[in-house]
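Student: What follows is query27.pdb, made up of PDB, C-alpha atoms and all ligand atoms:
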```pdb
ATOM      1  CA  MET A   1     -24.058 -44.100-150.309
ATOM      2  CA  ALA A   2     -20.316 -43.627-150.653
ATOM      3  CA  THR A   3     -19.389 -42.186-147.250
ATOM      4  CA  VAL A   4     -20.993 -41.921-143.849
ATOM      5  CA  ASN A   5     -21.449 -38.205-144.402
ATOM      6  CA  ALA A   6     -23.049 -38.662-147.782
ATOM      7  CA  SER A   7     -25.443 -41.206-146.361
ATOM      8  CA  GLN A   8     -26.306 -38.979-143.406
ATOM      9  CA  THR A   9     -26.933 -36.033-145.711
ATOM     10  CA  TRP A  10     -29.117 -38.218-147.900
ATOM     11  CA  ALA A  11     -31.122 -39.533-144.925
ATOM     12  CA  ALA A  12     -31.622 -36.010-143.564
ATOM     13  CA  GLU A  13     -32.859 -34.836-146.974
ATOM     14  CA  VAL A  14     -35.274 -37.783-147.198
ATOM     15  CA  ARG A  15     -36.692 -36.986-143.767
ATOM     16  CA  ARG A  16     -36.955 -33.265-144.592
ATOM     17  CA  LEU A  17     -38.825 -33.947-147.836
ATOM     18  CA  ALA A  18     -41.092 -36.496-146.151
ATOM     19  CA  ASP A  19     -42.042 -33.909-143.509
ATOM     20  CA  GLU A  20     -42.583 -31.252-146.142
ATOM     21  CA  ARG A  21     -44.897 -33.567-148.084
ATOM     22  CA  GLY A  22     -46.622 -34.897-144.962
ATOM     23  CA  ALA A  23     -45.637 -38.394-146.049
ATOM     24  CA  VAL A  24     -45.008 -41.580-144.164
ATOM     25  CA  ILE A  25     -42.364 -43.941-145.576
ATOM     26  CA  LEU A  26     -43.087 -47.667-145.399
ATOM     27  CA  ALA A  27     -40.348 -50.132-146.326
ATOM     28  CA  HIS A  28     -40.554 -53.839-146.967
ATOM     29  CA  ASN A  29     -38.095 -56.136-145.192
ATOM     30  CA  TYR A  30     -36.367 -56.906-148.502
ATOM     31  CA  GLN A  31     -35.507 -53.288-149.279
ATOM     32  CA  ARG A  32     -31.933 -52.028-149.343
ATOM     33  CA  PRO A  33     -30.559 -51.449-145.800
ATOM     34  CA  GLU A  34     -30.429 -47.652-146.137
ATOM     35  CA  ILE A  35     -34.087 -47.568-147.224
ATOM     36  CA  GLN A  36     -35.113 -49.739-144.258
ATOM     37  CA  ASP A  37     -33.182 -47.444-141.922
ATOM     38  CA  VAL A  38     -34.679 -44.200-143.199
ATOM     39  CA  ALA A  39     -38.296 -45.493-143.260
ATOM     40  CA  ASP A  40     -40.894 -44.775-140.594
ATOM     41  CA  HIS A  41     -41.948 -48.427-140.526
ATOM     42  CA  THR A  42     -40.477 -51.673-141.848
ATOM     43  CA  GLY A  43     -42.374 -54.936-142.203
ATOM     44  CA  ASP A  44     -43.814 -57.487-144.600
ATOM     45  CA  SER A  45     -46.426 -56.758-147.210
ATOM     46  CA  LEU A  46     -49.510 -57.462-145.148
ATOM     47  CA  ALA A  47     -48.288 -55.629-142.063
ATOM     48  CA  LEU A  48     -47.427 -52.613-144.209
ATOM     49  CA  SER A  49     -50.788 -52.656-145.982
ATOM     50  CA  ARG A  50     -52.643 -52.743-142.710
ATOM     51  CA  LEU A  51     -50.464 -49.930-141.440
ATOM     52  CA  ALA A  52     -51.215 -47.981-144.613
ATOM     53  CA  ALA A  53     -54.911 -48.107-143.758
ATOM     54  CA  ARG A  54     -54.231 -46.779-140.246
ATOM     55  CA  VAL A  55     -51.608 -44.052-140.626
ATOM     56  CA  GLU A  56     -52.667 -40.439-140.413
ATOM     57  CA  ALA A  57     -50.405 -39.088-143.156
ATOM     58  CA  ASP A  58     -52.141 -38.242-146.436
ATOM     59  CA  THR A  59     -49.274 -39.600-148.511
ATOM     60  CA  ILE A  60     -47.695 -43.011-148.252
ATOM     61  CA  VAL A  61     -44.375 -43.632-149.931
ATOM     62  CA  PHE A  62     -44.305 -47.388-150.310
ATOM     63  CA  CYS A  63     -40.812 -48.818-150.718
ATOM     64  CA  GLY A  64     -41.618 -52.286-151.977
ATOM     65  CA  VAL A  65     -43.049 -53.748-155.177
ATOM     66  CA  HIS A  66     -46.050 -52.808-157.274
ATOM     67  CA  PHE A  67     -48.661 -55.262-155.973
ATOM     68  CA  MET A  68     -47.897 -54.192-152.390
ATOM     69  CA  ALA A  69     -48.388 -50.515-153.169
ATOM     70  CA  GLU A  70     -51.637 -51.441-154.930
ATOM     71  CA  THR A  71     -52.821 -53.367-151.869
ATOM     72  CA  ALA A  72     -52.048 -50.323-149.729
ATOM     73  CA  LYS A  73     -54.081 -48.183-152.131
ATOM     74  CA  ILE A  74     -56.984 -50.685-152.026
ATOM     75  CA  LEU A  75     -57.043 -50.518-148.228
ATOM     76  CA  ALA A  76     -56.429 -46.757-148.065
ATOM     77  CA  PRO A  77     -58.270 -45.404-151.123
ATOM     78  CA  ASP A  78     -58.282 -41.798-149.899
ATOM     79  CA  LYS A  79     -54.533 -41.581-149.514
ATOM     80  CA  THR A  80     -51.938 -40.826-152.147
ATOM     81  CA  VAL A  81     -49.681 -43.870-152.545
ATOM     82  CA  LEU A  82     -46.288 -43.388-154.198
ATOM     83  CA  LEU A  83     -44.050 -46.218-155.365
ATOM     84  CA  PRO A  84     -40.609 -44.679-156.035
ATOM     85  CA  GLU A  85     -39.979 -47.064-158.950
ATOM     86  CA  PRO A  86     -43.237 -48.114-160.645
ATOM     87  CA  LYS A  87     -41.352 -50.754-162.655
ATOM     88  CA  ALA A  88     -40.646 -52.682-159.438
ATOM     89  CA  GLY A  89     -42.818 -55.693-160.235
ATOM     90  CA  CYS A  90     -42.956 -59.271-158.967
ATOM     91  CA  SER A  91     -42.250 -62.408-160.970
ATOM     92  CA  LEU A  92     -44.786 -64.369-158.918
ATOM     93  CA  ALA A  93     -47.609 -61.841-159.378
ATOM     94  CA  ASP A  94     -46.754 -61.752-163.091
ATOM     95  CA  THR A  95     -47.519 -65.463-163.545
ATOM     96  CA  ILE A  96     -51.266 -64.860-163.681
ATOM     97  CA  SER A  97     -53.507 -62.184-165.194
ATOM     98  CA  ALA A  98     -57.150 -61.337-164.510
ATOM     99  CA  GLU A  99     -57.954 -62.887-167.899
ATOM    100  CA  ASP A 100     -56.239 -66.147-166.822
ATOM    101  CA  VAL A 101     -58.359 -66.237-163.651
ATOM    102  CA  ARG A 102     -61.571 -65.678-165.604
ATOM    103  CA  ALA A 103     -60.698 -68.506-168.007
ATOM    104  CA  TRP A 104     -59.753 -70.819-165.106
ATOM    105  CA  LYS A 105     -63.034 -70.043-163.309
ATOM    106  CA  ALA A 106     -64.971 -70.831-166.483
ATOM    107  CA  GLU A 107     -63.391 -74.312-166.477
ATOM    108  CA  HIS A 108     -64.437 -74.859-162.837
ATOM    109  CA  PRO A 109     -67.852 -73.295-162.313
ATOM    110  CA  GLY A 110     -68.787 -73.007-158.641
ATOM    111  CA  ALA A 111     -65.172 -73.212-157.435
ATOM    112  CA  VAL A 112     -63.972 -70.760-154.798
ATOM    113  CA  VAL A 113     -60.879 -68.789-155.810
ATOM    114  CA  VAL A 114     -58.237 -68.313-153.113
ATOM    115  CA  ALA A 115     -55.353 -65.980-153.954
ATOM    116  CA  TYR A 116     -52.095 -65.364-152.160
ATOM    117  CA  VAL A 117     -51.556 -61.617-151.598
ATOM    118  CA  ASN A 118     -48.786 -61.570-154.228
ATOM    119  CA  THR A 119     -51.246 -60.725-156.991
ATOM    120  CA  THR A 120     -52.239 -57.604-158.886
ATOM    121  CA  ALA A 121     -55.349 -55.634-157.936
ATOM    122  CA  ALA A 122     -57.031 -56.851-161.154
ATOM    123  CA  VAL A 123     -56.423 -60.481-160.130
ATOM    124  CA  LYS A 124     -57.586 -59.859-156.563
ATOM    125  CA  ALA A 125     -60.804 -58.430-158.000
ATOM    126  CA  GLU A 126     -61.467 -61.817-159.650
ATOM    127  CA  THR A 127     -60.891 -63.829-156.487
ATOM    128  CA  ASP A 128     -63.122 -64.719-153.534
ATOM    129  CA  ILE A 129     -60.624 -64.671-150.655
ATOM    130  CA  CYS A 130     -57.015 -63.582-150.363
ATOM    131  CA  CYS A 131     -54.609 -65.297-147.993
ATOM    132  CA  THR A 132     -51.116 -64.967-146.601
ATOM    133  CA  SER A 133     -48.799 -67.899-146.066
ATOM    134  CA  SER A 134     -49.681 -67.878-142.364
ATOM    135  CA  ASN A 135     -53.452 -68.052-142.720
ATOM    136  CA  ALA A 136     -53.675 -69.958-146.029
ATOM    137  CA  ALA A 137     -54.692 -73.222-144.337
ATOM    138  CA  ASP A 138     -57.380 -71.443-142.250
ATOM    139  CA  VAL A 139     -58.714 -69.787-145.385
ATOM    140  CA  ILE A 140     -58.887 -73.176-147.150
ATOM    141  CA  ARG A 141     -60.703 -74.718-144.160
ATOM    142  CA  SER A 142     -63.261 -71.894-144.256
ATOM    143  CA  VAL A 143     -64.459 -73.190-147.637
ATOM    144  CA  PRO A 144     -67.042 -76.032-147.435
ATOM    145  CA  GLU A 145     -65.345 -79.464-147.846
ATOM    146  CA  ASP A 146     -67.190 -80.369-151.019
ATOM    147  CA  THR A 147     -66.478 -77.096-152.833
ATOM    148  CA  GLU A 148     -63.635 -77.045-155.332
ATOM    149  CA  ILE A 149     -60.884 -74.490-154.722
ATOM    150  CA  LEU A 150     -58.700 -72.726-157.259
ATOM    151  CA  PHE A 151     -55.512 -71.686-155.465
ATOM    152  CA  LEU A 152     -53.192 -69.127-157.050
ATOM    153  CA  PRO A 153     -50.541 -68.117-157.963
ATOM    154  CA  ASP A 154     -47.866 -69.925-155.905
ATOM    155  CA  GLN A 155     -47.408 -73.644-156.558
ATOM    156  CA  PHE A 156     -45.323 -74.250-153.411
ATOM    157  CA  LEU A 157     -47.762 -72.594-151.065
ATOM    158  CA  GLY A 158     -50.552 -74.447-152.897
ATOM    159  CA  ALA A 159     -48.826 -77.808-152.420
ATOM    160  CA  HIS A 160     -48.119 -76.927-148.792
ATOM    161  CA  VAL A 161     -51.756 -76.108-147.931
ATOM    162  CA  LYS A 162     -52.932 -79.177-149.798
ATOM    163  CA  ARG A 163     -50.687 -81.333-147.636
ATOM    164  CA  VAL A 164     -51.541 -79.518-144.388
ATOM    165  CA  THR A 165     -55.310 -79.635-144.929
ATOM    166  CA  GLY A 166     -55.316 -83.106-146.538
ATOM    167  CA  ARG A 167     -57.755 -81.763-149.074
ATOM    168  CA  GLU A 168     -57.776 -83.137-152.610
ATOM    169  CA  ASN A 169     -60.202 -80.819-154.392
ATOM    170  CA  ILE A 170     -57.703 -77.933-154.665
ATOM    171  CA  HIS A 171     -56.399 -76.974-158.098
ATOM    172  CA  VAL A 172     -53.091 -75.129-157.906
ATOM    173  CA  TRP A 173     -51.781 -72.511-160.357
ATOM    174  CA  MET A 174     -48.180 -73.363-161.245
ATOM    175  CA  GLY A 175     -46.645 -69.952-160.555
ATOM    176  CA  GLU A 176     -43.465 -69.366-158.624
ATOM    177  CA  CYS A 177     -41.178 -66.606-157.436
ATOM    178  CA  HIS A 178     -37.793 -66.612-159.184
ATOM    179  CA  VAL A 179     -35.999 -65.878-155.924
ATOM    180  CA  HIS A 180     -37.044 -69.250-154.467
ATOM    181  CA  ALA A 181     -34.755 -70.971-156.962
ATOM    182  CA  GLY A 182     -31.850 -69.924-154.755
ATOM    183  CA  ILE A 183     -33.449 -71.601-151.725
ATOM    184  CA  ASP A 184     -34.135 -75.051-153.190
ATOM    185  CA  GLY A 185     -34.018 -78.465-151.516
ATOM    186  CA  ALA A 186     -30.372 -79.093-152.355
ATOM    187  CA  ALA A 187     -29.268 -75.727-150.939
ATOM    188  CA  LEU A 188     -31.310 -76.248-147.783
ATOM    189  CA  ARG A 189     -30.074 -79.800-147.228
ATOM    190  CA  GLU A 190     -26.456 -78.882-147.916
ATOM    191  CA  ARG A 191     -26.368 -75.883-145.612
ATOM    192  CA  ALA A 192     -28.240 -77.692-142.842
ATOM    193  CA  ALA A 193     -25.852 -80.694-143.071
ATOM    194  CA  ALA A 194     -22.741 -78.493-143.178
ATOM    195  CA  GLU A 195     -23.844 -76.537-140.095
ATOM    196  CA  PRO A 196     -25.319 -79.194-137.760
ATOM    197  CA  ASP A 197     -25.453 -76.828-134.764
ATOM    198  CA  ALA A 198     -27.063 -73.925-136.548
ATOM    199  CA  GLU A 199     -30.732 -73.068-136.190
ATOM    200  CA  LEU A 200     -32.727 -72.510-139.363
ATOM    201  CA  TYR A 201     -35.334 -69.748-139.659
ATOM    202  CA  VAL A 202     -37.803 -69.691-142.517
ATOM    203  CA  HIS A 203     -39.811 -66.561-143.159
ATOM    204  CA  PRO A 204     -42.585 -67.721-145.442
ATOM    205  CA  GLU A 205     -43.931 -64.424-146.727
ATOM    206  CA  CYS A 206     -43.459 -63.006-150.178
ATOM    207  CA  GLY A 207     -43.146 -66.200-152.197
ATOM    208  CA  CYS A 208     -39.379 -66.366-152.056
ATOM    209  CA  ALA A 209     -39.396 -68.897-149.217
ATOM    210  CA  THR A 210     -42.596 -70.832-149.887
ATOM    211  CA  SER A 211     -40.478 -73.611-151.402
ATOM    212  CA  ALA A 212     -38.498 -73.778-148.143
ATOM    213  CA  LEU A 213     -41.788 -73.990-146.261
ATOM    214  CA  TYR A 214     -42.805 -76.873-148.500
ATOM    215  CA  LEU A 215     -39.456 -78.661-148.083
ATOM    216  CA  VAL A 216     -39.484 -78.282-144.304
ATOM    217  CA  GLY A 217     -42.991 -79.792-144.179
ATOM    218  CA  GLU A 218     -41.757 -82.632-146.342
ATOM    219  CA  GLY A 219     -38.969 -83.451-143.838
ATOM    220  CA  THR A 220     -36.059 -82.376-146.092
ATOM    221  CA  VAL A 221     -34.364 -80.911-143.020
ATOM    222  CA  PRO A 222     -34.914 -82.005-139.392
ATOM    223  CA  GLN A 223     -38.044 -80.256-138.111
ATOM    224  CA  GLU A 224     -36.643 -79.637-134.605
ATOM    225  CA  ARG A 225     -33.971 -77.307-135.969
ATOM    226  CA  VAL A 226     -36.374 -75.280-138.044
ATOM    227  CA  LYS A 227     -38.502 -72.343-137.004
ATOM    228  CA  VAL A 228     -41.106 -71.001-139.409
ATOM    229  CA  LEU A 229     -41.524 -67.434-138.226
ATOM    230  CA  SER A 230     -43.247 -64.176-139.062
ATOM    231  CA  THR A 231     -41.201 -60.980-139.223
ATOM    232  CA  GLY A 232     -41.993 -60.159-135.610
ATOM    233  CA  GLY A 233     -41.387 -63.751-134.529
ATOM    234  CA  MET A 234     -38.107 -63.860-136.385
ATOM    235  CA  LEU A 235     -36.874 -60.663-134.772
ATOM    236  CA  ALA A 236     -37.917 -61.855-131.308
ATOM    237  CA  ALA A 237     -36.196 -65.211-131.886
ATOM    238  CA  ALA A 238     -33.100 -63.416-133.187
ATOM    239  CA  GLU A 239     -32.929 -61.242-130.055
ATOM    240  CA  SER A 240     -33.192 -64.168-127.655
ATOM    241  CA  THR A 241     -31.272 -66.948-129.422
ATOM    242  CA  THR A 242     -28.048 -68.218-127.884
ATOM    243  CA  ALA A 243     -27.065 -70.134-131.030
ATOM    244  CA  ASP A 244     -23.718 -69.212-132.573
ATOM    245  CA  LYS A 245     -25.214 -69.344-136.017
ATOM    246  CA  VAL A 246     -28.660 -69.090-137.568
ATOM    247  CA  LEU A 247     -29.307 -69.903-141.226
ATOM    248  CA  ILE A 248     -31.948 -67.759-142.859
ATOM    249  CA  ALA A 249     -34.168 -69.087-145.638
ATOM    250  CA  THR A 250     -35.638 -65.979-147.180
ATOM    251  CA  GLU A 251     -34.641 -63.045-149.338
ATOM    252  CA  THR A 252     -31.318 -61.664-148.099
ATOM    253  CA  GLY A 253     -32.745 -58.220-147.220
ATOM    254  CA  MET A 254     -34.127 -59.683-143.983
ATOM    255  CA  LEU A 255     -30.581 -60.180-142.663
ATOM    256  CA  HIS A 256     -30.141 -56.459-142.089
ATOM    257  CA  GLN A 257     -32.672 -56.315-139.256
ATOM    258  CA  LEU A 258     -31.669 -59.656-137.750
ATOM    259  CA  ARG A 259     -28.005 -58.678-137.522
ATOM    260  CA  ALA A 260     -28.944 -55.379-135.926
ATOM    261  CA  ALA A 261     -31.186 -57.207-133.413
ATOM    262  CA  ASN A 262     -28.399 -59.510-132.215
ATOM    263  CA  PRO A 263     -24.781 -58.724-133.049
ATOM    264  CA  THR A 264     -23.403 -61.755-131.137
ATOM    265  CA  THR A 265     -25.100 -64.415-133.265
ATOM    266  CA  SER A 266     -24.062 -64.911-136.866
ATOM    267  CA  PHE A 267     -27.032 -64.770-139.263
ATOM    268  CA  GLU A 268     -26.201 -66.295-142.639
ATOM    269  CA  PRO A 269     -28.347 -66.743-145.721
ATOM    270  CA  VAL A 270     -29.100 -70.293-146.925
ATOM    271  CA  ASN A 271     -28.243 -68.866-150.309
ATOM    272  CA  PRO A 272     -26.628 -65.413-150.576
ATOM    273  CA  ARG A 273     -27.902 -65.098-154.139
ATOM    274  CA  ALA A 274     -31.541 -65.243-153.021
ATOM    275  CA  GLU A 275     -32.047 -61.605-153.784
ATOM    276  CA  CYS A 276     -35.107 -59.967-155.342
ATOM    277  CA  HIS A 277     -33.908 -57.494-157.930
ATOM    278  CA  TYR A 278     -37.360 -55.895-158.089
ATOM    279  CA  MET A 279     -37.112 -54.971-154.420
ATOM    280  CA  LYS A 280     -33.680 -53.494-154.980
ATOM    281  CA  MET A 281     -34.984 -51.238-157.770
ATOM    282  CA  ILE A 282     -35.976 -48.757-155.071
ATOM    283  CA  THR A 283     -32.750 -46.824-154.665
ATOM    284  CA  GLY A 284     -31.898 -43.847-152.501
ATOM    285  CA  GLU A 285     -32.065 -41.576-155.552
ATOM    286  CA  LYS A 286     -35.504 -42.898-156.616
ATOM    287  CA  LEU A 287     -36.851 -42.332-153.133
ATOM    288  CA  LEU A 288     -35.594 -38.740-153.145
ATOM    289  CA  GLU A 289     -37.082 -38.114-156.566
ATOM    290  CA  SER A 290     -40.469 -39.485-155.575
ATOM    291  CA  LEU A 291     -40.529 -37.352-152.424
ATOM    292  CA  ARG A 292     -39.475 -34.262-154.372
ATOM    293  CA  THR A 293     -41.810 -34.602-157.330
ATOM    294  CA  GLY A 294     -44.599 -36.928-156.208
ATOM    295  CA  SER A 295     -43.647 -39.366-158.972
ATOM    296  CA  GLY A 296     -44.786 -42.973-159.027
ATOM    297  CA  GLU A 297     -48.376 -42.455-157.917
ATOM    298  CA  ILE A 298     -50.343 -45.714-157.808
ATOM    299  CA  THR A 299     -53.969 -45.718-158.895
ATOM    300  CA  VAL A 300     -56.524 -48.523-158.858
ATOM    301  CA  ASP A 301     -59.852 -47.912-160.562
ATOM    302  CA  GLU A 302     -62.771 -47.761-158.168
ATOM    303  CA  ARG A 303     -64.638 -50.847-159.371
ATOM    304  CA  THR A 304     -61.513 -53.011-159.277
ATOM    305  CA  ALA A 305     -60.541 -51.631-155.880
ATOM    306  CA  GLU A 306     -63.985 -52.329-154.444
ATOM    307  CA  ARG A 307     -64.020 -55.962-155.608
ATOM    308  CA  ALA A 308     -60.398 -56.521-154.573
ATOM    309  CA  ARG A 309     -61.073 -54.964-151.152
ATOM    310  CA  ARG A 310     -63.811 -57.505-150.440
ATOM    311  CA  SER A 311     -61.372 -60.317-151.087
ATOM    312  CA  VAL A 312     -58.663 -58.745-148.905
ATOM    313  CA  GLU A 313     -61.118 -57.985-146.084
ATOM    314  CA  ARG A 314     -62.312 -61.602-146.051
ATOM    315  CA  MET A 315     -58.702 -62.605-145.610
ATOM    316  CA  ILE A 316     -58.311 -60.264-142.657
ATOM    317  CA  ALA A 317     -61.471 -61.705-141.073
ATOM    318  CA  ILE A 318     -60.183 -65.303-141.232
ATOM    319  CA  GLY A 319     -57.534 -66.668-138.882
ATOM    320  CA  THR A 320     -54.794 -64.356-137.742
ATOM    321  CA  PRO A 321     -53.149 -62.907-140.809
ATOM    322  CA  SER A 322     -51.065 -60.557-138.704
ATOM    323  CA  ARG A 323     -49.072 -63.585-137.565
ATOM    324  CA  GLY A 324     -47.413 -63.360-140.926
ATOM    325  CA  GLY A 325     -46.337 -59.828-140.483
ATOM    326  CA  GLU A 326     -46.333 -57.936-137.251
TER     327      GLU A 326
HETATM  328  S1  LIG A 401     -39.171 -61.966-153.577
HETATM  329 FE1  LIG A 401     -40.359 -63.021-155.189
HETATM  330  S2  LIG A 401     -42.474 -62.903-154.493
HETATM  331 FE2  LIG A 401     -41.310 -61.311-153.369
HETATM  332  S3  LIG A 401     -41.474 -59.453-154.643
HETATM  333 FE3  LIG A 401     -39.597 -60.501-155.270
HETATM  334  S4  LIG A 401     -40.265 -61.717-157.042
HETATM  335 FE4  LIG A 401     -42.106 -61.183-155.924
END
```
Let me see the file written as structure tokens.
Ligand code: SF4

Tutor:
Amino acid sequence: MATVNASQTWAAEVRRLADERGAVILAHNYQRPEIQDVADHTGDSLALSRLAARVEADTIVFCGVHFMAETAKILAPDKTVLLPEPKAGCSLADTISAEDVRAWKAEHPGAVVVAYVNTTAAVKAETDICCTSSNAADVIRSVPEDTEILFLPDQFLGAHVKRVTGRENIHVWMGECHVHAGIDGAALRERAAAEPDAELYVHPECGCATSALYLVGEGTVPQERVKVLSTGGMLAAAESTTADKVLIATETGMLHQLRAANPTTSFEPVNPRAECHYMKMITGEKLLESLRTGSGEITVDERTAERARRSVERMIAIGTPSRGGE
């Protein structure tokens, strides 16, 4: 958006087309700032999926990545779900296929499969229970002690829940999100040491900060300076903090809302390069095109959706998954 006027004209056109189509626009926290600002609701993947199931609009334009739009479709099968750029994937979700899960299950008969929400619908259909980073430990504890668990696809979240639950019979898939590489132990330690008075917020959703979650649990940075927070918790903490500076360990898109919530505190990324290029594939032009033409419709076949829904609904029934999002 080159000028204020151009961006206002664009936003007005988006809103006009959304009204015309009877569509609600949902935007993930890691979307471009202008997309977050024009959306009806902004949040993390789980919060948005749950919202998708509740909204009255017949069409949902999901500004996020593919697995999130699929999850929305699984939970709201009667609605039309549009993803403005269908190529917006996820490197973490891509680390495991449904075929991989079937082969892994065959090696561990009787094991319960627990999957982080960053998975495709086809993978969810092969799993027993989904989890978010905030209820992963509760989900693990819901499985009888002597039953083996296959945890996928995030190795950092897997290692974290293994440590938190003290459970040994968990096999962890070695997937990871490429964005986390920018928020590694060295970066965390360095930034925390260079800014001894700054607070450190970690938002664990979406895979990009699960390594930070793991490192904080390991004691890489002093625990008393660190807050592991959901989106809602992070915004509330941002509004009320009196710290001069807060370091943020998550994808950089989250900074937009935090800075708007409290202009007197400086919110800085642990690593400014921790950016998800898939999330940024949703541009203003793509959003307009999708609203105009209905392009990017997401479909999930009925059988897959039904099996995946069971796994997602079990997740919602265990613990308080909304802690991770709302
Ligand atoms: S930040 Fe990582 S986990 Fe989240 S969508 Fe991007 S690649 Fe996937």

Student: To verify the selection step, state as number ranges by chain which residues the PyMOL selection byres (((chain A and resi 253) around 10) and not hetatm) yields on this input.

Tutor: A: 28-33, 36, 250-252, 254-258, 269, 274-276, 279-280

Student: For stretch 198-213 of chain A, please output as a ChimeraX atom specification all residues within 8 Å (counting all atoms listed in the file; exclusion window: fewer than 6 positions along the same chain).

Tutor: /A:44-45,92,118,132-134,154,156-157,160,176-180,183-185,188,192,225-231,234,243-251,274,324

Student: What would the selection look like, as a ChimeraX atom specification, if the PyMOL selection byres (((chain A and resi 289-301) around 10) and not hetatm) were run on the coordinates I just shared?

Tutor: /A:13-23,25,59-62,66-67,69-74,77,80-87,121-122,283-288,302-306,308

Student: Place a sphere of radius 8 Å on (-69.4, -75.2, -158.7) in the file coordinates and name every protein, DNA or RNA residue with an atom inside or on its surface, counting all atoms listed in the file; give the answer as a list in words.

Tutor: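 All residues meeting the 8 Å criterion around (-69.4, -75.2, -158.7) are His108, Pro109, Gly110, Ala111, Thr147 and Glu148 of chain A.
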
Student: Which of these, A:Ser97, A:Thr242, A:Thr119, A:Thr42, has the shortest distance to ligand LIG 401 (chain A) once you count only C-alpha atoms and all ligand atoms?

Tutor: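 Of A:Ser97, A:Thr242, A:Thr119, A:Thr42, the one nearest ligand LIG 401 (chain A), counting only C-alpha atoms and all ligand atoms, is A:Thr119.
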
Student: Under the rule that all atoms listed in the file are counted, which of A:Ala181, A:Ala115, A:Ala137, A:Leu26 is the nearest residue to ligand LIG 401 (chain A)?

Tutor: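 Closest to ligand LIG 401 (chain A), using all atoms listed in the file: A:Ala181.
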
Student: Could you pull out every residue with an atom within 8 Å of (-53.2, -56.2, -145.7), file coordinates, counting all atoms listed in the file, and send them as an MDAnalysis selection string?

Tutor: chainID A and resid 45:50 71:72 75 312 316

Student: Store the residues picked out above in a file with C-alpha atoms, as an mmCIF file, in the coordinates of the input.

Tutor:
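File written: selection_24.cif
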```cif
data_model
loop_
_atom_site.group_PDB
_atom_site.id
_atom_site.type_symbol
_atom_site.label_atom_id
_atom_site.label_comp_id
_atom_site.auth_asym_id
_atom_site.auth_seq_id
_atom_site.Cartn_x
_atom_site.Cartn_y
_atom_site.Cartn_z
ATOM 1 C CA SER A 45 -46.426 -56.758 -147.210
ATOM 2 C CA LEU A 46 -49.510 -57.462 -145.148
ATOM 3 C CA ALA A 47 -48.288 -55.629 -142.063
ATOM 4 C CA LEU A 48 -47.427 -52.613 -144.209
ATOM 5 C CA SER A 49 -50.788 -52.656 -145.982
ATOM 6 C CA ARG A 50 -52.643 -52.743 -142.710
ATOM 7 C CA THR A 71 -52.821 -53.367 -151.869
ATOM 8 C CA ALA A 72 -52.048 -50.323 -149.729
ATOM 9 C CA LEU A 75 -57.043 -50.518 -148.228
ATOM 10 C CA VAL A 312 -58.663 -58.745 -148.905
ATOM 11 C CA ILE A 316 -58.311 -60.264 -142.657
#
```

Student: What are the centre and the three edge lengths of an axis-aligned box that wraps all atoms of ligand LIG 401 (chain A) in the file, given that 3 Å is added to every side, written as lines of an AutoDock Vina configuration file and rounded to one decimal in Å?

Tutor:
```
center_x = -40.8
center_y = -61.2
center_z = -155.2
size_x = 9.3
size_y = 9.6
size_z = 9.7
```

Student: Which one of A:Ala93, A:Ala53, A:Ala11, A:Ile35 sits closest to ligand LIG 401 (chain A) if you count all atoms listed in the file?

Tutor: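 Of the candidates, the smallest distance to ligand LIG 401 (chain A) is held by A:Ala93.
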
Student: Give me, please, the distance in Å between atom CA of A:Met174 and atom CA of A:Glu313, quoted to one decimal.

Tutor: 25.2 Å

Student: Quick one: distance from atom CA of A:Ile96 to atom CA of A:Pro153 in Å, one decimal?

Tutor: 6.6 Å

Student: So what do you get for atom CA of A:Val24 versus atom CA of A:Val55, distance-wise?

Tutor: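 Answer for the atom CA of A:Val24 to atom CA of A:Val55 separation: 7.9 Å.
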
Student: Have a look at A:Ala260, A:Ala88, A:Leu150, A:Ala194 and name the one nearest to ligand LIG 401 (chain A); count only C-alpha atoms and all ligand atoms.

Tutor: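 Ranking A:Ala260, A:Ala88, A:Leu150, A:Ala194 by distance to ligand LIG 401 (chain A), first place goes to A:Ala88.
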
Student: On this structure, which residues satisfy the PyMOL selection byres (((chain A and resi 149) around 12) and not hetatm), written as number ranges by chain?

Tutor: A: 104-105, 108-115, 127-129, 139-148, 150-152, 158, 161-162, 167-173

Student: Kindly indicate which residue among A:Asp94, A:Glu218, A:Glu56, A:Glu34 lies nearest to ligand LIG 401 (chain A), using only C-alpha atoms and all ligand atoms for the distances.

Tutor: A:Asp94

Student: Between A:Asn271, A:Thr264, A:Ser7, A:Ser311, single out the one closest to A:Cys131, counting only C-alpha atoms.

Tutor: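 Smallest separation from A:Cys131 among the options: A:Ser311.
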